[in-house]
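Asker: Just upload24.pdb, nothing more (PDB, C-alpha atoms, pLDDT in the B column):
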```pdb
ATOM      1  CA  MET R   1     -81.345  56.596 -40.963  1.00 51.00           C
ATOM      2  CA  ASN R   2     -84.687  55.305 -39.621  1.00 60.00           C
ATOM      3  CA  PHE R   3     -86.507  57.994 -41.603  1.00 58.00           C
ATOM      4  CA  ASP R   4     -84.568  57.128 -44.774  1.00 73.00           C
ATOM      5  CA  VAL R   5     -85.493  53.439 -44.552  1.00 80.00           C
ATOM      6  CA  ILE R   6     -89.208  54.071 -44.031  1.00 82.00           C
ATOM      7  CA  ALA R   7     -89.403  56.861 -46.627  1.00 85.00           C
ATOM      8  CA  LEU R   8     -87.760  54.762 -49.343  1.00 85.00           C
ATOM      9  CA  ALA R   9     -89.936  51.761 -48.492  1.00 87.00           C
ATOM     10  CA  VAL R  10     -93.093  53.890 -48.698  1.00 89.00           C
ATOM     11  CA  ILE R  11     -92.077  55.037 -52.193  1.00 90.00           C
ATOM     12  CA  THR R  12     -91.774  51.379 -53.260  1.00 90.00           C
ATOM     13  CA  CYS R  13     -95.243  50.813 -51.789  1.00 92.00           C
ATOM     14  CA  PHE R  14     -96.770  53.498 -54.021  1.00 92.00           C
ATOM     15  CA  SER R  15     -94.852  52.201 -57.031  1.00 89.00           C
ATOM     16  CA  THR R  16     -96.430  48.770 -56.514  1.00 91.00           C
ATOM     17  CA  ILE R  17     -99.909  50.259 -56.076  1.00 93.00           C
ATOM     18  CA  PHE R  18     -99.615  52.282 -59.279  1.00 91.00           C
ATOM     19  CA  GLY R  19     -98.620  49.152 -61.208  1.00 88.00           C
ATOM     20  CA  GLY R  20    -101.558  47.225 -59.782  1.00 91.00           C
ATOM     21  CA  ILE R  21    -104.041  50.014 -60.492  1.00 92.00           C
ATOM     22  CA  PHE R  22    -102.783  50.144 -64.075  1.00 88.00           C
ATOM     23  CA  ALA R  23    -103.442  46.399 -64.443  1.00 86.00           C
ATOM     24  CA  ALA R  24    -106.879  46.741 -62.835  1.00 88.00           C
ATOM     25  CA  ARG R  25    -107.777  49.678 -65.071  1.00 88.00           C
ATOM     26  CA  TYR R  26    -106.958  47.719 -68.223  1.00 84.00           C
ATOM     27  CA  ARG R  27    -108.049  44.302 -66.937  1.00 79.00           C
ATOM     28  CA  LYS R  28    -110.167  43.727 -70.050  1.00 79.00           C
ATOM     29  CA  LYS R  29    -106.868  43.371 -71.878  1.00 80.00           C
ATOM     30  CA  ILE R  30    -105.698  40.702 -69.438  1.00 74.00           C
ATOM     31  CA  GLY R  31    -104.174  38.605 -72.217  1.00 78.00           C
ATOM     32  CA  ILE R  32    -101.848  41.414 -73.300  1.00 84.00           C
ATOM     33  CA  LEU R  33    -100.959  42.275 -69.696  1.00 81.00           C
ATOM     34  CA  GLY R  34    -100.299  38.584 -69.030  1.00 81.00           C
ATOM     35  CA  ALA R  35     -97.804  38.391 -71.883  1.00 87.00           C
ATOM     36  CA  PHE R  36     -96.041  41.521 -70.639  1.00 87.00           C
ATOM     37  CA  ALA R  37     -96.000  40.245 -67.041  1.00 82.00           C
ATOM     38  CA  ALA R  38     -94.581  36.919 -68.265  1.00 86.00           C
ATOM     39  CA  GLY R  39     -91.675  38.709 -69.912  1.00 88.00           C
ATOM     40  CA  VAL R  40     -91.105  40.761 -66.759  1.00 84.00           C
ATOM     41  CA  LEU R  41     -91.132  37.766 -64.403  1.00 82.00           C
ATOM     42  CA  ILE R  42     -88.882  35.568 -66.546  1.00 90.00           C
ATOM     43  CA  THR R  43     -86.331  38.321 -67.123  1.00 87.00           C
ATOM     44  CA  THR R  44     -86.387  39.462 -63.488  1.00 81.00           C
ATOM     45  CA  SER R  45     -85.549  35.913 -62.459  1.00 85.00           C
ATOM     46  CA  LEU R  46     -82.789  35.335 -65.025  1.00 89.00           C
ATOM     47  CA  LEU R  47     -81.167  38.785 -65.204  1.00 84.00           C
ATOM     48  CA  ASP R  48     -81.846  40.235 -61.772  1.00 79.00           C
ATOM     49  CA  ILE R  49     -82.474  37.772 -58.934  1.00 79.00           C
ATOM     50  CA  LEU R  50     -80.182  34.886 -59.924  1.00 87.00           C
ATOM     51  CA  PRO R  51     -77.109  36.947 -60.996  1.00 85.00           C
ATOM     52  CA  GLN R  52     -77.270  38.997 -57.792  1.00 79.00           C
ATOM     53  CA  ASN R  53     -77.756  35.822 -55.792  1.00 83.00           C
ATOM     54  CA  PHE R  54     -74.671  34.252 -57.399  1.00 88.00           C
ATOM     55  CA  LYS R  55     -72.605  37.189 -56.137  1.00 83.00           C
ATOM     56  CA  LEU R  56     -74.075  36.875 -52.645  1.00 81.00           C
ATOM     57  CA  ALA R  57     -73.511  33.111 -52.675  1.00 87.00           C
ATOM     58  CA  GLN R  58     -69.757  33.542 -53.110  1.00 86.00           C
ATOM     59  CA  SER R  59     -69.459  35.822 -50.100  1.00 82.00           C
ATOM     60  CA  ALA R  60     -71.840  33.659 -48.031  1.00 83.00           C
ATOM     61  CA  ASN R  61     -69.999  30.407 -48.909  1.00 86.00           C
ATOM     62  CA  VAL R  62     -73.029  28.852 -50.591  1.00 88.00           C
ATOM     63  CA  LEU R  63     -72.403  26.511 -53.532  1.00 91.00           C
ATOM     64  CA  LEU R  64     -73.826  27.665 -56.872  1.00 91.00           C
ATOM     65  CA  GLU R  65     -75.140  24.124 -57.341  1.00 92.00           C
ATOM     66  CA  ASP R  66     -77.267  24.633 -54.219  1.00 92.00           C
ATOM     67  CA  VAL R  67     -78.578  27.922 -55.592  1.00 91.00           C
ATOM     68  CA  MET R  68     -79.676  26.242 -58.828  1.00 94.00           C
ATOM     69  CA  ALA R  69     -81.170  23.297 -56.922  1.00 95.00           C
ATOM     70  CA  LEU R  70     -83.302  25.700 -54.890  1.00 93.00           C
ATOM     71  CA  THR R  71     -84.357  27.397 -58.124  1.00 94.00           C
ATOM     72  CA  VAL R  72     -85.625  24.034 -59.385  1.00 95.00           C
ATOM     73  CA  VAL R  73     -87.423  23.466 -56.076  1.00 93.00           C
ATOM     74  CA  GLY R  74     -89.156  26.838 -56.413  1.00 88.00           C
ATOM     75  CA  PHE R  75     -90.261  25.983 -59.951  1.00 92.00           C
ATOM     76  CA  LEU R  76     -91.532  22.536 -58.900  1.00 92.00           C
ATOM     77  CA  PHE R  77     -93.341  23.959 -55.874  1.00 85.00           C
ATOM     78  CA  LEU R  78     -95.626  26.194 -57.913  1.00 77.00           C
ATOM     79  CA  TYR R  79     -95.932  23.537 -60.632  1.00 84.00           C
ATOM     80  CA  ILE R  80     -97.137  20.911 -58.136  1.00 84.00           C
ATOM     81  CA  ILE R  81     -99.485  23.361 -56.404  1.00 74.00           C
ATOM     82  CA  SER R  82    -100.920  24.369 -59.783  1.00 70.00           C
ATOM     83  CA  ARG R  83    -101.509  20.777 -60.865  1.00 72.00           C
ATOM     84  CA  MET R  84    -103.148  19.920 -57.534  1.00 69.00           C
ATOM     85  CA  ILE R  85    -105.688  22.748 -57.458  1.00 55.00           C
ATOM     86  CA  ASN R  86    -106.465  23.276 -61.150  1.00 54.00           C
ATOM     87  CA  GLU R  87    -108.822  20.986 -63.029  1.00 49.00           C
ATOM     88  CA  HIS R  88    -108.958  19.728 -66.612  1.00 45.00           C
ATOM     89  CA  VAL R  89    -112.501  19.290 -67.932  1.00 42.00           C
ATOM     90  CA  PHE R  90    -114.327  18.918 -71.225  1.00 41.00           C
ATOM     91  CA  SER R  91    -116.121  22.022 -72.433  1.00 46.00           C
ATOM     92  CA  LYS R  92    -119.480  22.022 -74.215  1.00 48.00           C
ATOM     93  CA  ASP R  93    -117.625  21.905 -77.518  1.00 54.00           C
ATOM     94  CA  GLY R  94    -115.769  18.789 -76.452  1.00 48.00           C
ATOM     95  CA  GLU R  95    -112.473  20.581 -75.962  1.00 50.00           C
ATOM     96  CA  TYR R  96    -110.147  19.605 -73.115  1.00 43.00           C
ATOM     97  CA  ILE R  97    -109.564  22.799 -71.130  1.00 46.00           C
ATOM     98  CA  GLU R  98    -107.952  23.790 -67.845  1.00 51.00           C
ATOM     99  CA  VAL R  99    -110.130  25.404 -65.192  1.00 48.00           C
ATOM    100  CA  LYS R 100    -107.935  27.564 -62.998  1.00 57.00           C
ATOM    101  CA  HIS R 101    -108.588  27.708 -59.271  1.00 57.00           C
ATOM    102  CA  PRO R 102    -108.373  31.139 -57.604  1.00 67.00           C
ATOM    103  CA  LEU R 103    -106.199  29.619 -54.879  1.00 71.00           C
ATOM    104  CA  GLY R 104    -103.431  29.183 -57.438  1.00 69.00           C
ATOM    105  CA  GLY R 105    -103.238  32.933 -57.896  1.00 76.00           C
ATOM    106  CA  VAL R 106    -103.096  33.427 -54.136  1.00 81.00           C
ATOM    107  CA  PHE R 107    -100.125  31.049 -53.799  1.00 76.00           C
ATOM    108  CA  ALA R 108     -98.320  32.696 -56.703  1.00 76.00           C
ATOM    109  CA  THR R 109     -98.864  36.291 -55.583  1.00 82.00           C
ATOM    110  CA  SER R 110     -97.948  35.346 -52.002  1.00 84.00           C
ATOM    111  CA  GLU R 111     -94.501  34.513 -53.343  1.00 77.00           C
ATOM    112  CA  LEU R 112     -94.376  37.938 -54.989  1.00 79.00           C
ATOM    113  CA  SER R 113     -95.280  39.509 -51.646  1.00 86.00           C
ATOM    114  CA  VAL R 114     -92.583  37.579 -49.778  1.00 82.00           C
ATOM    115  CA  HIS R 115     -90.083  38.668 -52.410  1.00 76.00           C
ATOM    116  CA  SER R 116     -91.226  42.273 -51.896  1.00 84.00           C
ATOM    117  CA  PHE R 117     -90.703  41.795 -48.148  1.00 86.00           C
ATOM    118  CA  ILE R 118     -87.122  40.711 -48.881  1.00 79.00           C
ATOM    119  CA  ASP R 119     -86.744  43.812 -51.074  1.00 79.00           C
ATOM    120  CA  GLY R 120     -87.583  45.869 -47.995  1.00 84.00           C
ATOM    121  CA  LEU R 121     -84.959  43.947 -46.031  1.00 81.00           C
ATOM    122  CA  ALA R 122     -82.440  44.663 -48.795  1.00 74.00           C
ATOM    123  CA  ILE R 123     -83.118  48.400 -48.594  1.00 79.00           C
ATOM    124  CA  GLY R 124     -82.690  48.421 -44.827  1.00 81.00           C
ATOM    125  CA  PHE R 125     -79.557  46.291 -44.776  1.00 72.00           C
ATOM    126  CA  GLY R 126     -78.105  48.278 -47.670  1.00 64.00           C
ATOM    127  CA  LEU R 127     -78.530  51.522 -45.721  1.00 72.00           C
ATOM    128  CA  GLN R 128     -76.939  49.889 -42.697  1.00 68.00           C
ATOM    129  CA  ALA R 129     -73.862  49.117 -44.794  1.00 54.00           C
ATOM    130  CA  ASP R 130     -73.692  52.434 -46.695  1.00 55.00           C
ATOM    131  CA  ILE R 131     -76.286  55.116 -47.446  1.00 65.00           C
ATOM    132  CA  HIS R 132     -75.331  55.260 -51.132  1.00 59.00           C
ATOM    133  CA  VAL R 133     -75.667  51.493 -51.514  1.00 52.00           C
ATOM    134  CA  GLY R 134     -79.042  51.596 -49.780  1.00 61.00           C
ATOM    135  CA  ILE R 135     -80.330  54.344 -52.077  1.00 67.00           C
ATOM    136  CA  ILE R 136     -79.203  52.465 -55.189  1.00 58.00           C
ATOM    137  CA  ILE R 137     -80.911  49.288 -53.973  1.00 64.00           C
ATOM    138  CA  ALA R 138     -84.058  51.286 -53.217  1.00 73.00           C
ATOM    139  CA  PHE R 139     -84.023  52.782 -56.714  1.00 68.00           C
ATOM    140  CA  ALA R 140     -83.798  49.289 -58.181  1.00 63.00           C
ATOM    141  CA  VAL R 141     -86.697  48.079 -56.038  1.00 73.00           C
ATOM    142  CA  ILE R 142     -88.845  51.113 -56.901  1.00 77.00           C
ATOM    143  CA  CYS R 143     -88.317  50.506 -60.626  1.00 65.00           C
ATOM    144  CA  HIS R 144     -89.221  46.839 -60.348  1.00 67.00           C
ATOM    145  CA  ASP R 145     -92.150  47.232 -57.955  1.00 79.00           C
ATOM    146  CA  PHE R 146     -94.342  48.891 -60.571  1.00 81.00           C
ATOM    147  CA  THR R 147     -94.113  45.675 -62.591  1.00 75.00           C
ATOM    148  CA  ASP R 148     -94.582  43.651 -59.379  1.00 80.00           C
ATOM    149  CA  GLY R 149     -97.906  45.370 -58.804  1.00 87.00           C
ATOM    150  CA  LEU R 150     -98.880  44.811 -62.408  1.00 85.00           C
ATOM    151  CA  SER R 151     -97.915  41.139 -62.153  1.00 82.00           C
ATOM    152  CA  THR R 152     -99.801  40.644 -58.874  1.00 87.00           C
ATOM    153  CA  VAL R 153    -103.133  41.878 -60.238  1.00 89.00           C
ATOM    154  CA  THR R 154    -102.615  40.140 -63.588  1.00 85.00           C
ATOM    155  CA  VAL R 155    -101.825  36.766 -61.995  1.00 83.00           C
ATOM    156  CA  MET R 156    -104.784  37.024 -59.619  1.00 86.00           C
ATOM    157  CA  LEU R 157    -107.268  37.928 -62.368  1.00 86.00           C
ATOM    158  CA  ASN R 158    -105.768  35.312 -64.677  1.00 79.00           C
ATOM    159  CA  SER R 159    -106.434  32.670 -61.989  1.00 78.00           C
ATOM    160  CA  GLY R 160    -110.130  33.535 -61.778  1.00 80.00           C
ATOM    161  CA  ASN R 161    -110.028  35.778 -58.717  1.00 85.00           C
ATOM    162  CA  SER R 162    -112.325  38.766 -58.311  1.00 87.00           C
ATOM    163  CA  LEU R 163    -111.049  42.306 -58.709  1.00 88.00           C
ATOM    164  CA  ARG R 164    -111.629  42.893 -54.989  1.00 89.00           C
ATOM    165  CA  ASN R 165    -109.455  39.937 -53.974  1.00 90.00           C
ATOM    166  CA  SER R 166    -106.854  40.954 -56.542  1.00 90.00           C
ATOM    167  CA  LEU R 167    -106.643  44.416 -54.981  1.00 92.00           C
ATOM    168  CA  ARG R 168    -106.317  42.849 -51.534  1.00 92.00           C
ATOM    169  CA  MET R 169    -103.282  40.889 -52.687  1.00 91.00           C
ATOM    170  CA  LEU R 170    -101.984  44.064 -54.317  1.00 93.00           C
ATOM    171  CA  PHE R 171    -102.179  45.811 -50.937  1.00 94.00           C
ATOM    172  CA  LEU R 172    -100.274  42.907 -49.324  1.00 92.00           C
ATOM    173  CA  ASP R 173     -97.587  43.113 -52.012  1.00 91.00           C
ATOM    174  CA  ALA R 174     -97.396  46.906 -51.648  1.00 93.00           C
ATOM    175  CA  ILE R 175     -97.065  46.926 -47.864  1.00 94.00           C
ATOM    176  CA  ALA R 176     -94.550  44.038 -47.802  1.00 92.00           C
ATOM    177  CA  PRO R 177     -91.385  46.109 -48.506  1.00 90.00           C
ATOM    178  CA  VAL R 178     -92.408  48.597 -45.799  1.00 91.00           C
ATOM    179  CA  LEU R 179     -92.702  45.735 -43.301  1.00 92.00           C
ATOM    180  CA  GLY R 180     -89.351  44.366 -44.439  1.00 88.00           C
ATOM    181  CA  ALA R 181     -87.708  47.761 -43.980  1.00 88.00           C
ATOM    182  CA  VAL R 182     -89.212  48.121 -40.491  1.00 89.00           C
ATOM    183  CA  VAL R 183     -87.830  44.714 -39.508  1.00 88.00           C
ATOM    184  CA  THR R 184     -84.294  45.872 -40.352  1.00 83.00           C
ATOM    185  CA  LEU R 185     -84.616  48.524 -37.665  1.00 85.00           C
ATOM    186  CA  PHE R 186     -84.630  45.744 -35.063  1.00 84.00           C
ATOM    187  CA  LEU R 187     -82.944  42.764 -36.754  1.00 77.00           C
ATOM    188  CA  GLN R 188     -79.890  41.845 -38.776  1.00 71.00           C
ATOM    189  CA  LEU R 189     -80.389  38.865 -41.114  1.00 66.00           C
ATOM    190  CA  PRO R 190     -77.222  37.012 -42.191  1.00 73.00           C
ATOM    191  CA  PRO R 191     -76.745  37.006 -46.002  1.00 73.00           C
ATOM    192  CA  TYR R 192     -76.554  33.198 -45.882  1.00 81.00           C
ATOM    193  CA  TYR R 193     -80.312  32.890 -45.376  1.00 78.00           C
ATOM    194  CA  ILE R 194     -81.164  35.449 -48.052  1.00 75.00           C
ATOM    195  CA  VAL R 195     -79.053  33.454 -50.514  1.00 81.00           C
ATOM    196  CA  LEU R 196     -81.118  30.356 -49.741  1.00 83.00           C
ATOM    197  CA  ILE R 197     -84.470  32.128 -50.060  1.00 80.00           C
ATOM    198  CA  LEU R 198     -84.075  34.166 -53.257  1.00 79.00           C
ATOM    199  CA  PRO R 199     -83.491  31.309 -55.762  1.00 86.00           C
ATOM    200  CA  PHE R 200     -86.681  29.613 -54.530  1.00 85.00           C
ATOM    201  CA  PHE R 201     -88.641  32.681 -55.639  1.00 79.00           C
ATOM    202  CA  ALA R 202     -86.663  32.902 -58.881  1.00 84.00           C
ATOM    203  CA  GLY R 203     -87.829  29.393 -59.771  1.00 88.00           C
ATOM    204  CA  GLY R 204     -91.397  30.320 -58.911  1.00 82.00           C
ATOM    205  CA  PHE R 205     -91.255  33.393 -61.130  1.00 81.00           C
ATOM    206  CA  LEU R 206     -89.933  31.265 -64.004  1.00 90.00           C
ATOM    207  CA  TYR R 207     -92.897  28.925 -63.636  1.00 86.00           C
ATOM    208  CA  LEU R 208     -95.388  31.800 -63.439  1.00 80.00           C
ATOM    209  CA  GLY R 209     -94.053  33.458 -66.551  1.00 85.00           C
ATOM    210  CA  ALA R 210     -93.217  30.508 -68.798  1.00 89.00           C
ATOM    211  CA  SER R 211     -95.789  27.888 -67.767  1.00 83.00           C
ATOM    212  CA  ASP R 212     -98.766  29.896 -66.564  1.00 76.00           C
ATOM    213  CA  LEU R 213     -99.061  33.441 -67.930  1.00 78.00           C
ATOM    214  CA  LEU R 214     -97.474  32.943 -71.343  1.00 86.00           C
ATOM    215  CA  PRO R 215     -99.578  29.939 -72.490  1.00 84.00           C
ATOM    216  CA  HIS R 216    -102.738  31.729 -71.368  1.00 78.00           C
ATOM    217  CA  ALA R 217    -101.664  34.861 -73.239  1.00 83.00           C
ATOM    218  CA  HIS R 218    -101.262  32.834 -76.433  1.00 85.00           C
ATOM    219  CA  GLU R 219    -104.830  31.563 -76.004  1.00 79.00           C
ATOM    220  CA  GLU R 220    -106.179  35.116 -75.626  1.00 78.00           C
ATOM    221  CA  ASN R 221    -104.105  37.039 -78.196  1.00 83.00           C
ATOM    222  CA  PRO R 222    -102.861  36.728 -81.767  1.00 89.00           C
ATOM    223  CA  PRO R 223     -99.407  35.053 -81.729  1.00 88.00           C
ATOM    224  CA  ALA R 224     -97.557  38.117 -83.048  1.00 92.00           C
ATOM    225  CA  LEU R 225     -99.110  40.409 -80.421  1.00 91.00           C
ATOM    226  CA  THR R 226     -98.195  38.005 -77.632  1.00 91.00           C
ATOM    227  CA  VAL R 227     -94.590  37.760 -78.810  1.00 93.00           C
ATOM    228  CA  ILE R 228     -94.259  41.537 -79.128  1.00 94.00           C
ATOM    229  CA  THR R 229     -95.806  42.241 -75.728  1.00 92.00           C
ATOM    230  CA  CYS R 230     -93.794  39.556 -73.960  1.00 92.00           C
ATOM    231  CA  THR R 231     -90.618  40.851 -75.603  1.00 94.00           C
ATOM    232  CA  ALA R 232     -91.480  44.345 -74.358  1.00 92.00           C
ATOM    233  CA  GLY R 233     -91.462  42.955 -70.807  1.00 88.00           C
ATOM    234  CA  PHE R 234     -88.068  41.354 -71.472  1.00 90.00           C
ATOM    235  CA  VAL R 235     -86.654  44.580 -72.894  1.00 91.00           C
ATOM    236  CA  LEU R 236     -87.946  46.737 -70.020  1.00 85.00           C
ATOM    237  CA  ILE R 237     -86.281  44.648 -67.323  1.00 82.00           C
ATOM    238  CA  PHE R 238     -83.141  44.231 -69.443  1.00 85.00           C
ATOM    239  CA  ILE R 239     -82.790  48.011 -69.764  1.00 84.00           C
ATOM    240  CA  LEU R 240     -83.484  48.599 -66.070  1.00 76.00           C
ATOM    241  CA  THR R 241     -80.978  45.911 -65.090  1.00 74.00           C
ATOM    242  CA  PHE R 242     -78.370  47.294 -67.496  1.00 75.00           C
ATOM    243  CA  ILE R 243     -78.798  50.825 -66.138  1.00 73.00           C
ATOM    244  CA  LEU R 244     -78.751  49.744 -62.500  1.00 66.00           C
ATOM    245  CA  THR R 245     -75.709  47.526 -63.051  1.00 65.00           C
ATOM    246  CA  GLY R 246     -73.897  50.496 -64.530  1.00 65.00           C
ATOM    247  CA  VAL R 247     -74.858  52.656 -61.540  1.00 59.00           C
ATOM    248  CA  LEU R 248     -73.699  50.010 -59.076  1.00 56.00           C
ATOM    249  CA  ASN R 249     -70.328  49.726 -60.837  1.00 61.00           C
ATOM    250  CA  MET R 250     -69.688  53.475 -60.803  1.00 59.00           C
TER
END
```
Here is a file; write its structure as structure tokens.
Answerer:
Amino acid sequence: MNFDVIALAVITCFSTIFGGIFAARYRKKIGILGAFAAGVLITTSLLDILPQNFKLAQSANVLLEDVMALTVVGFLFLYIISRMINEHVFSKDGEYIEVKHPLGGVFATSELSVHSFIDGLAIGFGLQADIHVGIIIAFAVICHDFTDGLSTVTVMLNSGNSLRNSLRMLFLDAIAPVLGAVVTLFLQLPPYYIVLILPFFAGGFLYLGASDLLPHAHEENPPALTVITCTAGFVLIFILTFILTGVLNM
């Protein structure tokens, strides 16, 4: 079982790296990638993290109102951090523009990395419960981690970070599920705490997608292209979620 946990986690690591390399390779089209990543993050939060967390909340005796409250807290956390570290200045043309601080991207992608760490925990705990459940969870994580890697590099570059620093955060995001899986070899985390952590990240992902990446994408791209690309991100995660839900219910 130890080999299964590590092997599956390593596959998720490579999936994340491939997504990040793709974003780095086409970084000149950061506006288009930002719109796609926005669709991915928003849909992952609304169709993946929160619905699964609602199911866990019932078994862990956590009120759904508390789950939603923590989602709001996660949204407000990144919103407040963003407002504190970003500046609004007048450009040479007299326009009022926002100057993004690289630290904002670090905060945002750190949340992605912590979520990836929890994904590794989910794989390990799933295998502890049943090997088939663990494999299905791992498949879900592998599918999503490509877009996680893409989102990590896109958010970092969008916040004014260098490509080198963006790749460093990509490595952190990629190695996080492996670390999470290793932890499960020595520790058992009660579902109660996972239920309290996940909605916080869901709120953060909603902020990243709707209030950070998407507005910037509209500034960089024609409106129709932004809508189409963002919708493609929605559709991708919707299809993956639909397929995985069907597999889990088999």
Asker: Ranking R:Gly39, R:Gly149, R:Gly124, R:Gly233 by minimum distance to Val178 in chain R and counting only C-alpha atoms, which one comes first?
Answerer: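 Ranking R:Gly39, R:Gly149, R:Gly124, R:Gly233 by distance to Val178 in chain R, first place goes to R:Gly124.
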Asker: How many Å lie between CA of Tyr207 in chain R and CA of Val195 in chain R, rounded to one decimal?
Answerer: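 Interatomic distance here is 19.6 Å.
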Asker: Between R:Tyr79, R:Tyr26, R:Phe201, R:Phe36, which residue has the minimum interatomic distance to Ile118 in chain R, considering all atoms listed in the file?
Answerer: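 So, comparing all the options, the nearest one is R:Phe201.
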Asker: Quick one: of R:Ile81, R:Pro215, R:Pro177, R:Lys29, who's nearest to Val227 in chain R, counting all atoms listed in the file?
Answerer: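 Ranked by minimum distance to Val227 in chain R, first place goes to R:Pro215.
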Asker: Edge lengths and centre in Å to one decimal, as JSON, is what I'm after for the box along x, y and z that holds all listed atoms of range 108-112 of chain R once 4 Å is added on each side.
Answerer:
```
{"center_x": -96.6, "center_y": 35.3, "center_z": -54.4, "size_x": 12.5, "size_y": 13.2, "size_z": 12.7}
```
Asker: Name the closest residue to Arg27 in chain R among the candidates R:Leu213, R:Leu196, R:Ile228, R:Val153; distances are taken between atoms, counting all atoms listed in the file.
Answerer: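 Ranked by minimum distance to Arg27 in chain R, first place goes to R:Val153.
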Asker: Name the residues that the PyMOL selection byres ((chain R and resi 40) around 10) picks from the file above, as a list in words, using the file's chain letters and numbers.
Answerer: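 Evaluating the PyMOL selection byres ((chain R and resi 40) around 10) on this file yields Gly34, Ala35, Phe36, Ala37, Ala38, Gly39, Leu41, Ile42, Thr43, Thr44, Ser45, His144, Thr147, Asp148, Leu150, Ser151, Phe205, Leu206, Gly209, Cys230, Thr231, Ala232, Gly233, Phe234, Val235, Leu236, Ile237 and Phe238 of chain R.
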Asker: From the options R:Ser159, R:Gln188, R:Asn53, R:Asn165, which residue's atoms come nearest to Leu208 in chain R, counting only C-alpha atoms?
Answerer: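 For Leu208 in chain R, the nearest of the candidates is R:Ser159.
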Asker: Counting only C-alpha atoms, find residues at most 7 Å from (-106.6, 34.9, -58.1) (file frame) and give them as a list in words.
Answerer: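 Final list of nearby residues, as requested, is Pro102, Leu103, Gly104, Gly105, Val106, Val155, Met156, Leu157, Asn158, Ser159, Gly160, Asn161, Ser162 and Ser166 of chain R.
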Asker: So how many Å separate CA of Leu70 in chain R and CA of Leu198 in chain R, to one decimal?
Answerer: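 Going from CA of Leu70 in chain R over to CA of Leu198 in chain R, I get 8.7 Å.
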Asker: Report the distance between CA of Asp4 in chain R and CA of Phe242 in chain R in Å, rounded to one decimal place.
Answerer: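 Straight-line distance from CA of Asp4 in chain R to CA of Phe242 in chain R works out to 25.5 Å.
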Asker: Determine, counting only C-alpha atoms, which protein, DNA and RNA residues have an atom within 12 Å of an atom of range 62-68 of chain R; residues of the same chain fewer than 6 positions away are not included. Present the result as a PyMOL selection string.
Answerer: chain R and resi 45-46+49-56+74-75+191-203
Asker: List the spatial neighbours of Ile11 in chain R as a CSV table (one decimal) with C-alpha atoms, keeping the file's coordinate frame - criterion: any atom at most 10 Å away, only C-alpha atoms, same-chain residues fewer than 2 positions off excluded.
Answerer:
```csv
chain,number,residue,atom,x,y,z
R,6,ILE,CA,-89.2,54.1,-44.0
R,7,ALA,CA,-89.4,56.9,-46.6
R,8,LEU,CA,-87.8,54.8,-49.3
R,9,ALA,CA,-89.9,51.8,-48.5
R,13,CYS,CA,-95.2,50.8,-51.8
R,14,PHE,CA,-96.8,53.5,-54.0
R,15,SER,CA,-94.9,52.2,-57.0
R,16,THR,CA,-96.4,48.8,-56.5
R,17,ILE,CA,-99.9,50.3,-56.1
R,138,ALA,CA,-84.1,51.3,-53.2
R,139,PHE,CA,-84.0,52.8,-56.7
R,141,VAL,CA,-86.7,48.1,-56.0
R,142,ILE,CA,-88.8,51.1,-56.9
R,145,ASP,CA,-92.2,47.2,-58.0
R,174,ALA,CA,-97.4,46.9,-51.6
R,177,PRO,CA,-91.4,46.1,-48.5
R,178,VAL,CA,-92.4,48.6,-45.8
```
Asker: Would it be fine to have range 70-80 of chain R, with N, CA and C atoms, given as a PDB file, in the first residue's frame?
Answerer:
```pdb
ATOM      1  N   LEU R  70     -17.028  29.690   6.229  1.00  0.00           N
ATOM      2  CA  LEU R  70     -15.600  29.549   5.989  1.00  0.00           C
ATOM      3  C   LEU R  70     -15.243  29.838   4.529  1.00  0.00           C
ATOM      4  N   THR R  71     -16.180  29.582   3.637  1.00  0.00           N
ATOM      5  CA  THR R  71     -15.973  29.935   2.225  1.00  0.00           C
ATOM      6  C   THR R  71     -15.865  31.449   2.074  1.00  0.00           C
ATOM      7  N   VAL R  72     -16.747  32.162   2.769  1.00  0.00           N
ATOM      8  CA  VAL R  72     -16.707  33.634   2.754  1.00  0.00           C
ATOM      9  C   VAL R  72     -15.394  34.130   3.348  1.00  0.00           C
ATOM     10  N   VAL R  73     -14.962  33.502   4.437  1.00  0.00           N
ATOM     11  CA  VAL R  73     -13.703  33.903   5.078  1.00  0.00           C
ATOM     12  C   VAL R  73     -12.537  33.718   4.113  1.00  0.00           C
ATOM     13  N   GLY R  74     -12.536  32.610   3.378  1.00  0.00           N
ATOM     14  CA  GLY R  74     -11.468  32.372   2.404  1.00  0.00           C
ATOM     15  C   GLY R  74     -11.457  33.415   1.302  1.00  0.00           C
ATOM     16  N   PHE R  75     -12.650  33.799   0.839  1.00  0.00           N
ATOM     17  CA  PHE R  75     -12.765  34.846  -0.179  1.00  0.00           C
ATOM     18  C   PHE R  75     -12.238  36.175   0.371  1.00  0.00           C
ATOM     19  N   LEU R  76     -12.683  36.539   1.576  1.00  0.00           N
ATOM     20  CA  LEU R  76     -12.284  37.814   2.179  1.00  0.00           C
ATOM     21  C   LEU R  76     -10.793  37.857   2.474  1.00  0.00           C
ATOM     22  N   PHE R  77     -10.217  36.701   2.839  1.00  0.00           N
ATOM     23  CA  PHE R  77      -8.799  36.661   3.166  1.00  0.00           C
ATOM     24  C   PHE R  77      -7.952  37.116   1.981  1.00  0.00           C
ATOM     25  N   LEU R  78      -8.183  36.499   0.823  1.00  0.00           N
ATOM     26  CA  LEU R  78      -7.399  36.887  -0.351  1.00  0.00           C
ATOM     27  C   LEU R  78      -7.751  38.295  -0.819  1.00  0.00           C
ATOM     28  N   TYR R  79      -9.030  38.678  -0.663  1.00  0.00           N
ATOM     29  CA  TYR R  79      -9.448  40.028  -1.050  1.00  0.00           C
ATOM     30  C   TYR R  79      -8.701  41.074  -0.220  1.00  0.00           C
ATOM     31  N   ILE R  80      -8.653  40.871   1.089  1.00  0.00           N
ATOM     32  CA  ILE R  80      -7.988  41.833   1.981  1.00  0.00           C
ATOM     33  C   ILE R  80      -6.492  41.872   1.694  1.00  0.00           C
TER      34      ILE R  80
END
```
